[in-house]
Amino acid sequence: MTNHIVAGLNESQRRAVEAIDGPVLALAGPGSGKTRVLTHRIANLVGNHDVVPERILAVTFTNKAAREMRTRMRDLLGAGVADRIDIGTFHSLAARWLRRDGTKIGLPNSWLIYDDDDQQRLIRRITKELKLPEKPFTPRNVLAVISNAKNELIDVATYTASARSPEVRMYALCYARYEELLQIAGAVDFDDLLLRTIDLFRTDALAFYHSRYRYILVDEYQDTNRAQYEMVKALAKGAGNIFVVGDDDQSIYGWRGADVRNIRRFDADFPGAQVIILAENYRSSQMILDVAQALIDASPRRVFRKELTAQTSGGDAVTWREYSDQNDEAQRVCDAIEHIVVSGSGRFSDCAIMYRTNAQSRAFEEALARRRIPYVLVGGMRFYERREIKDMLAWLRLMADPHDDVSLMRALEFPSSGVGAASQDHVNSWVAANHCSWYTGLTQCMNDPQAIPMLKGAPRQRLVQFTTRLQRLLNQTNLVSLLDVFDAILIETLFSAALNEEYGETDGESRMENVTELRRVAGEYLLLPMNEQLPRFLEEIALVSDVDRLNTSDNHVVCITMHQAKGLEYDNVFLVGLEDDLLPHIRTHQDPSQVEEERRILYVGITRARKRLALSRANRRLNRGQYVNTISSRFLKDIPSKLLSNTAMGSRVGARTMATPNPTYQGWGTAAAFQANKAVTPPPPIVLEVGDVVRHQRFGEGVVLAAKVVDDDLEVVVKFADEAAGEKRLIASFARLERIVPNH
DNA sequence: CGAAGCTAACTTTTT
DNA sequence: GTTAGCTTCG
């Protein structure tokens, strides 16, 4: 039956949609309509083959991809049907299954997810406890060792048994203790979500999942790690209808355990697999694809070769420019963006600046802010990683699980409970010796003054006070919603006042606004049954990423790493910092396979562009306070120079000098005509004179000592009342100064 | 015990 | 140019 579901698909897409039985591998080049294939395949199963929606499982790598798929499914099938399909990331699905069946493999009834920060705190505690030297045993290193072991499905016993060198034996000790502490806290880390699910699939519970999921679809299969691969294999053993989409040329997560071999050996793992290649590109111009193709064809070992073809030939030339330094690069990119907007060929939101490392974003942020171009920065400090947010979450988590040690120690520090390092050490050695949680230890200590002999007098009193406060919260019976719990904590801890105390009034208030924003998010969970509200809220927060929060409808330039940009697309893409040492990153130079991964990162970046692509580098770059000369990325050699133009995008604007401002574009005023979003609208230009009294978000009040116009903006020197802040040179619009007393 | 001030190290990418 | 962790002082 041919109908609207397959209408409009090309030959390969259609085959991928209609091959519903058995194993199928779809090799989907960038922009080849991968999501379309996934959604239409599901629509085909439900609409044309009467598959019950509940029998379908779709796995993605990001929440964003999951949400997008859900939205498209609703358009195709209607919400009533679409919402019955299980769609999610590996991690969120695993969490869902473990909530349901975790007790079968020994998980407690309720458990928490430890994020990266929690893990590091735990590790720091362990390395201190074991008195390990700082040198190789940084939290980051130790965590990487443990995570790699977990990714390879190596448990503590196996790891310990295979430890030869003294150093590895130390890591083994950390691993063992780490696992014990997680267990005591009733917590699982990201890797555990997958590992424990594999454990679950080794029990007879697997039969349930086999009967439940008859059709399995996996997106971005090239990014699966060992654990995810095992999960897929276990599930696919049921009905055998396993459909995976991926592209080995876009495999860029090897560093966190993803194994390209999973996709390359798919037909060996699943005998009789159909392999379908999707190479027709519906996104980019042929000019852009030629560059991408040249780059990837230069890769020495490729297994599946694809020849990307565009819908139309030609397009704007891809540009390559070398700038003097990172600020120059940022300025010229801004020129080009302004040109695009002013000439009417695009909006700010059609432009994206992509770089290899987050550290590169600073120069662009400053240049964009200075010109009042609205932008968003993806990555860097995430909302849920802010101090005040983590502090609030620590208390919320304690409400769900008082044995969560990491949160308890955090709650102990904010609001300050007056419990110092010495007392903490006493408690810590006691709970370590008794293999119990802090909460258990503190409760004992409260009931029996002699329980922890080292603790007495005032320090013990303070701990008792803290425990009393915590128990008062835990025992409140009149809390009937998540918001009640939230507010009870705010009241009991005097959270807002504590923020002002800790950060000063101005900063404290703005941090409280973030907490209020968190409260607003919590408010979205009120429709769930009371006992599910808090756990679900916490789980979602642990698994949400920055890209997930990216709002594509707002009119702003996007600054993003090439990694995070995977799955996104823009009319105009600026790939910056194409320098050896940055791309390929210096830490990959000695390993050819890692350098090849860097090549694929660039490939991913290039193929994000629809219409225009600008490549650039800075001849010298400020590294940590020092300028370093750079050389072009070695990957440039693989792109024939005839494919590159050295006329920059928007070069007319680029030619302007600081002395003669572009008459057609006058900062934000003109840009506002292009319907910028309110949320990102920079403040109107502020005019300051010497002698004005101003307020800064962080530094507080100060007086303007000097002011001069630099590059269309005002640069001021402000002497702040706060001794610590002293005198600062600031860009007026970037610093968001507020004039409180004009100088008349 | 906590605040302030100093040093060192550091920056790859993140579910 | 930042941040985290350590030392020192009050």
# chains A, B, ... in the order shown; residues from 1 in each chain; ligands from 1
call {"tool": "closest_atom_pairs", "arguments": {"of": "chain B", "to": "chain A", "cutoff": "10 Å", "atoms": "only C-alpha atoms (C1' of nucleotides)", "output": "Markdown table"}}
result
| residue | atom | partner | partner_atom | distance |
| --- | --- | --- | --- | --- |
| B:DC1 | C1' | A:Gly420 | CA | 6.3 |
| B:DG2 | C1' | A:Gly418 | CA | 8.7 |
| B:DC10 | C1' | A:Arg624 | CA | 8.7 |
| B:DT11 | C1' | A:Ala359 | CA | 6.7 |
| B:DT12 | C1' | A:Thr357 | CA | 6.1 |
| B:DT13 | C1' | A:His563 | CA | 6.3 |
| B:DT14 | C1' | A:Arg256 | CA | 8.2 |
| B:DT15 | C1' | A:His91 | CA | 6.8 |
call {"tool": "interface_residues", "arguments": {"of": "chain C", "to": "chain A", "cutoff": "12 Å", "atoms": "only C-alpha atoms (C1' of nucleotides)", "output": "ChimeraX atom specification"}}
result
/C:1-2,5
call {"tool": "residues_around", "arguments": {"residues": "region 480-483 of chain A", "least_positions_apart": "5", "cutoff": "9 Å", "atoms": "only C-alpha atoms (C1' of nucleotides)", "output": "PyMOL selection string"}}
result
chain A and resi 488+519-520+522-523+525-526+529-531+533-534+537
call {"tool": "residues_around", "arguments": {"residues": "region 124-135 of chain A", "least_positions_apart": "3", "cutoff": "8 Å", "atoms": "only C-alpha atoms (C1' of nucleotides)", "output": "list in words"}}
result
Gln120, Arg121, Thr138, Pro139, Cys174, Arg177 and Tyr178 of chain A
call {"tool": "select_by_dssp", "arguments": {"residues": "region 161-233 of chain A", "states": "alpha helix (DSSP H)", "output": "JSON, numbers by chain"}}
result
{"A": [161, 162, 166, 167, 168, 169, 170, 171, 172, 173, 174, 175, 176, 177, 178, 179, 180, 181, 182, 183, 184, 185, 190, 191, 192, 193, 194, 195, 196, 197, 198, 199, 200, 201, 206, 207, 208, 209, 210, 211, 212, 226, 227, 228, 229, 230, 231, 232, 233]}
call {"tool": "write_last_selection", "arguments": {"atoms": "N, CA and C atoms", "output": "CSV table (one decimal), in the first residue's frame"}}
result
chain,number,residue,atom,x,y,z
A,161,ALA,N,41.5,-7.3,40.2
A,161,ALA,CA,42.3,-8.5,39.9
A,161,ALA,C,43.3,-8.3,38.8
A,162,SER,N,43.0,-7.4,37.9
A,162,SER,CA,43.9,-7.2,36.8
A,162,SER,C,44.9,-6.1,37.0
A,166,PRO,N,51.4,-0.5,41.1
A,166,PRO,CA,50.9,0.2,42.3
A,166,PRO,C,49.9,1.3,42.0
A,167,GLU,N,50.2,2.0,40.9
A,167,GLU,CA,49.3,3.1,40.6
A,167,GLU,C,47.9,2.6,40.2
A,168,VAL,N,47.9,1.5,39.4
A,168,VAL,CA,46.6,1.0,39.0
A,168,VAL,C,45.8,0.4,40.2
A,169,ARG,N,46.6,-0.2,41.2
A,169,ARG,CA,46.0,-0.7,42.4
A,169,ARG,C,45.3,0.4,43.2
A,170,MET,N,45.9,1.6,43.1
A,170,MET,CA,45.3,2.8,43.8
A,170,MET,C,44.0,3.1,43.2
A,171,TYR,N,44.0,3.1,41.8
A,171,TYR,CA,42.8,3.4,41.1
A,171,TYR,C,41.7,2.4,41.5
A,172,ALA,N,42.2,1.1,41.6
A,172,ALA,CA,41.2,0.1,42.0
A,172,ALA,C,40.6,0.3,43.3
A,173,LEU,N,41.4,0.8,44.3
A,173,LEU,CA,40.9,1.1,45.6
A,173,LEU,C,39.8,2.2,45.5
A,174,CYS,N,40.2,3.3,44.7
A,174,CYS,CA,39.2,4.4,44.5
A,174,CYS,C,37.9,3.8,43.9
A,175,TYR,N,38.0,3.0,42.9
A,175,TYR,CA,36.9,2.4,42.2
A,175,TYR,C,36.0,1.7,43.3
A,176,ALA,N,36.6,0.9,44.1
A,176,ALA,CA,35.9,0.1,45.0
A,176,ALA,C,35.2,1.0,46.0
A,177,ARG,N,35.9,1.9,46.6
A,177,ARG,CA,35.3,2.8,47.5
A,177,ARG,C,34.2,3.7,46.9
A,178,TYR,N,34.4,4.1,45.7
A,178,TYR,CA,33.5,4.9,45.0
A,178,TYR,C,32.1,4.1,44.8
A,179,GLU,N,32.3,2.9,44.5
A,179,GLU,CA,31.1,2.1,44.3
A,179,GLU,C,30.3,1.9,45.6
A,180,GLU,N,31.1,1.7,46.7
A,180,GLU,CA,30.5,1.5,48.0
A,180,GLU,C,29.8,2.8,48.4
A,181,LEU,N,30.4,3.9,48.2
A,181,LEU,CA,29.8,5.2,48.6
A,181,LEU,C,28.5,5.5,47.8
A,182,LEU,N,28.5,5.1,46.5
A,182,LEU,CA,27.3,5.3,45.7
A,182,LEU,C,26.2,4.4,46.3
A,183,GLN,N,26.6,3.2,46.7
A,183,GLN,CA,25.6,2.3,47.2
A,183,GLN,C,25.0,2.8,48.5
A,184,ILE,N,25.8,3.3,49.4
A,184,ILE,CA,25.4,3.8,50.6
A,184,ILE,C,24.4,5.0,50.4
A,185,ALA,N,24.8,5.8,49.4
A,185,ALA,CA,24.0,7.0,49.2
A,185,ALA,C,22.7,6.7,48.4
A,190,PHE,N,25.9,8.3,35.7
A,190,PHE,CA,25.5,8.1,34.4
A,190,PHE,C,25.8,6.7,33.8
A,191,ASP,N,27.0,6.3,34.0
A,191,ASP,CA,27.4,5.0,33.5
A,191,ASP,C,26.5,3.9,34.1
A,192,ASP,N,26.3,4.0,35.4
A,192,ASP,CA,25.5,3.0,36.1
A,192,ASP,C,24.1,2.8,35.4
A,193,LEU,N,23.5,3.9,35.0
A,193,LEU,CA,22.2,3.8,34.4
A,193,LEU,C,22.2,2.7,33.3
A,194,LEU,N,23.3,2.7,32.5
A,194,LEU,CA,23.4,1.8,31.4
A,194,LEU,C,23.8,0.4,32.0
A,195,LEU,N,24.8,0.4,32.9
A,195,LEU,CA,25.2,-0.9,33.4
A,195,LEU,C,24.1,-1.7,34.1
A,196,ARG,N,23.4,-1.0,35.0
A,196,ARG,CA,22.4,-1.6,35.8
A,196,ARG,C,21.3,-2.1,34.9
A,197,THR,N,21.0,-1.4,33.8
A,197,THR,CA,20.0,-1.9,32.8
A,197,THR,C,20.5,-3.2,32.2
A,198,ILE,N,21.8,-3.3,31.9
A,198,ILE,CA,22.3,-4.5,31.3
A,198,ILE,C,22.1,-5.6,32.3
A,199,ASP,N,22.4,-5.3,33.6
A,199,ASP,CA,22.1,-6.3,34.7
A,199,ASP,C,20.7,-6.8,34.6
A,200,LEU,N,19.8,-5.8,34.5
A,200,LEU,CA,18.4,-6.1,34.5
A,200,LEU,C,18.0,-7.0,33.3
A,201,PHE,N,18.7,-6.7,32.2
A,201,PHE,CA,18.4,-7.5,31.0
A,201,PHE,C,19.0,-8.9,31.1
A,206,LEU,N,13.9,-9.6,31.3
A,206,LEU,CA,14.1,-9.3,29.9
A,206,LEU,C,12.9,-9.7,29.1
A,207,ALA,N,12.3,-10.8,29.5
A,207,ALA,CA,11.1,-11.3,28.7
A,207,ALA,C,10.1,-10.3,28.6
A,208,PHE,N,9.8,-9.5,29.6
A,208,PHE,CA,8.8,-8.4,29.6
A,208,PHE,C,9.2,-7.4,28.5
A,209,TYR,N,10.5,-7.0,28.4
A,209,TYR,CA,10.9,-6.0,27.5
A,209,TYR,C,10.9,-6.6,26.0
A,210,HIS,N,11.1,-7.9,25.9
A,210,HIS,CA,11.0,-8.5,24.6
A,210,HIS,C,9.6,-8.5,24.1
A,211,SER,N,8.7,-8.7,25.0
A,211,SER,CA,7.3,-8.8,24.5
A,211,SER,C,6.8,-7.4,24.3
A,212,ARG,N,7.3,-6.5,25.1
A,212,ARG,CA,6.8,-5.1,25.0
A,212,ARG,C,7.4,-4.4,23.7
A,226,ARG,N,30.1,0.6,24.5
A,226,ARG,CA,30.0,-0.8,24.7
A,226,ARG,C,28.7,-1.2,25.5
A,227,ALA,N,28.4,-0.4,26.5
A,227,ALA,CA,27.2,-0.7,27.3
A,227,ALA,C,25.9,-0.5,26.5
A,228,GLN,N,25.9,0.6,25.7
A,228,GLN,CA,24.7,0.8,24.9
A,228,GLN,C,24.5,-0.2,23.9
A,229,TYR,N,25.7,-0.7,23.3
A,229,TYR,CA,25.6,-1.7,22.3
A,229,TYR,C,25.1,-3.0,23.0
A,230,GLU,N,25.5,-3.3,24.2
A,230,GLU,CA,24.9,-4.5,24.8
A,230,GLU,C,23.4,-4.4,25.1
A,231,MET,N,23.0,-3.2,25.5
A,231,MET,CA,21.6,-3.0,25.7
A,231,MET,C,20.8,-3.2,24.4
A,232,VAL,N,21.3,-2.7,23.3
A,232,VAL,CA,20.6,-2.9,22.0
A,232,VAL,C,20.5,-4.3,21.7
A,233,LYS,N,21.7,-5.0,21.8
A,233,LYS,CA,21.7,-6.4,21.4
A,233,LYS,C,20.8,-7.2,22.3
call {"tool": "decode", "arguments": {"residues": "region 385-419 of chain A", "atoms": "N, CA and C atoms", "output": "compact mmCIF listing (two decimals), in the first residue's frame"}}
result
# COMPACT_ATOMS: atom_id res chain seq x y z
N GLU A 385 24.20 23.90 36.71
CA GLU A 385 25.48 23.74 37.38
C GLU A 385 25.83 24.94 38.23
N ARG A 386 24.98 25.97 38.18
CA ARG A 386 25.27 27.15 38.99
C ARG A 386 25.26 26.79 40.47
N ARG A 387 26.09 27.50 41.20
CA ARG A 387 26.24 27.22 42.63
C ARG A 387 24.91 27.20 43.37
N GLU A 388 24.17 28.32 43.23
CA GLU A 388 22.94 28.44 44.00
C GLU A 388 21.92 27.37 43.62
N ILE A 389 21.95 26.98 42.33
CA ILE A 389 21.02 25.95 41.88
C ILE A 389 21.41 24.60 42.48
N LYS A 390 22.71 24.31 42.44
CA LYS A 390 23.17 23.05 43.03
C LYS A 390 22.90 23.03 44.54
N ASP A 391 23.06 24.17 45.17
CA ASP A 391 22.81 24.22 46.62
C ASP A 391 21.34 23.93 46.93
N MET A 392 20.48 24.52 46.14
CA MET A 392 19.05 24.28 46.35
C MET A 392 18.71 22.83 46.03
N LEU A 393 19.27 22.34 44.94
CA LEU A 393 19.00 20.96 44.55
C LEU A 393 19.49 19.98 45.62
N ALA A 394 20.58 20.33 46.29
CA ALA A 394 21.10 19.45 47.34
C ALA A 394 20.03 19.24 48.40
N TRP A 395 19.37 20.30 48.82
CA TRP A 395 18.31 20.17 49.83
C TRP A 395 17.13 19.38 49.28
N LEU A 396 16.78 19.64 48.04
CA LEU A 396 15.66 18.91 47.44
C LEU A 396 15.98 17.42 47.37
N ARG A 397 17.22 17.13 47.01
CA ARG A 397 17.62 15.73 46.91
C ARG A 397 17.59 15.04 48.25
N LEU A 398 17.96 15.79 49.29
CA LEU A 398 17.91 15.21 50.63
C LEU A 398 16.48 14.86 51.02
N MET A 399 15.55 15.62 50.50
CA MET A 399 14.15 15.32 50.79
C MET A 399 13.76 13.99 50.15
N ALA A 400 14.37 13.68 49.03
CA ALA A 400 14.08 12.41 48.36
C ALA A 400 14.90 11.28 48.98
N ASP A 401 16.08 11.62 49.48
CA ASP A 401 16.98 10.59 49.99
C ASP A 401 18.00 11.20 50.94
N PRO A 402 17.72 11.16 52.24
CA PRO A 402 18.63 11.79 53.20
C PRO A 402 20.00 11.12 53.26
N HIS A 403 20.11 9.91 52.69
CA HIS A 403 21.40 9.22 52.73
C HIS A 403 22.33 9.65 51.60
N ASP A 404 21.88 10.58 50.79
CA ASP A 404 22.70 11.11 49.71
C ASP A 404 23.81 11.97 50.32
N ASP A 405 24.98 11.37 50.50
CA ASP A 405 26.09 12.03 51.19
C ASP A 405 26.56 13.32 50.51
N VAL A 406 26.67 13.25 49.19
CA VAL A 406 27.17 14.42 48.48
C VAL A 406 26.26 15.63 48.73
N SER A 407 24.97 15.40 48.65
CA SER A 407 24.04 16.49 48.88
C SER A 407 24.07 16.95 50.34
N LEU A 408 24.20 16.00 51.24
CA LEU A 408 24.22 16.38 52.65
C LEU A 408 25.43 17.26 52.96
N MET A 409 26.57 16.88 52.42
CA MET A 409 27.77 17.69 52.69
C MET A 409 27.65 19.06 52.05
N ARG A 410 26.96 19.11 50.95
CA ARG A 410 26.72 20.37 50.29
C ARG A 410 25.76 21.24 51.13
N ALA A 411 24.71 20.60 51.61
CA ALA A 411 23.73 21.31 52.43
C ALA A 411 24.37 21.84 53.71
N LEU A 412 25.36 21.11 54.17
CA LEU A 412 26.08 21.50 55.38
C LEU A 412 26.82 22.82 55.16
N GLU A 413 27.22 23.04 53.91
CA GLU A 413 27.99 24.24 53.60
C GLU A 413 27.12 25.42 53.22
N PHE A 414 25.93 25.13 52.73
CA PHE A 414 25.04 26.24 52.40
C PHE A 414 23.61 25.92 52.78
N PRO A 415 22.95 26.76 53.55
CA PRO A 415 23.54 27.89 54.26
C PRO A 415 24.53 27.41 55.31
N SER A 416 25.55 28.18 55.51
CA SER A 416 26.63 27.75 56.39
C SER A 416 26.13 27.24 57.74
N SER A 417 26.49 26.02 58.05
CA SER A 417 26.04 25.43 59.30
C SER A 417 27.09 25.61 60.37
N GLY A 418 28.22 26.19 60.02
CA GLY A 418 29.28 26.40 60.99
C GLY A 418 30.04 25.14 61.33
N VAL A 419 29.84 24.10 60.53
CA VAL A 419 30.57 22.85 60.76
C VAL A 419 31.83 22.87 59.90
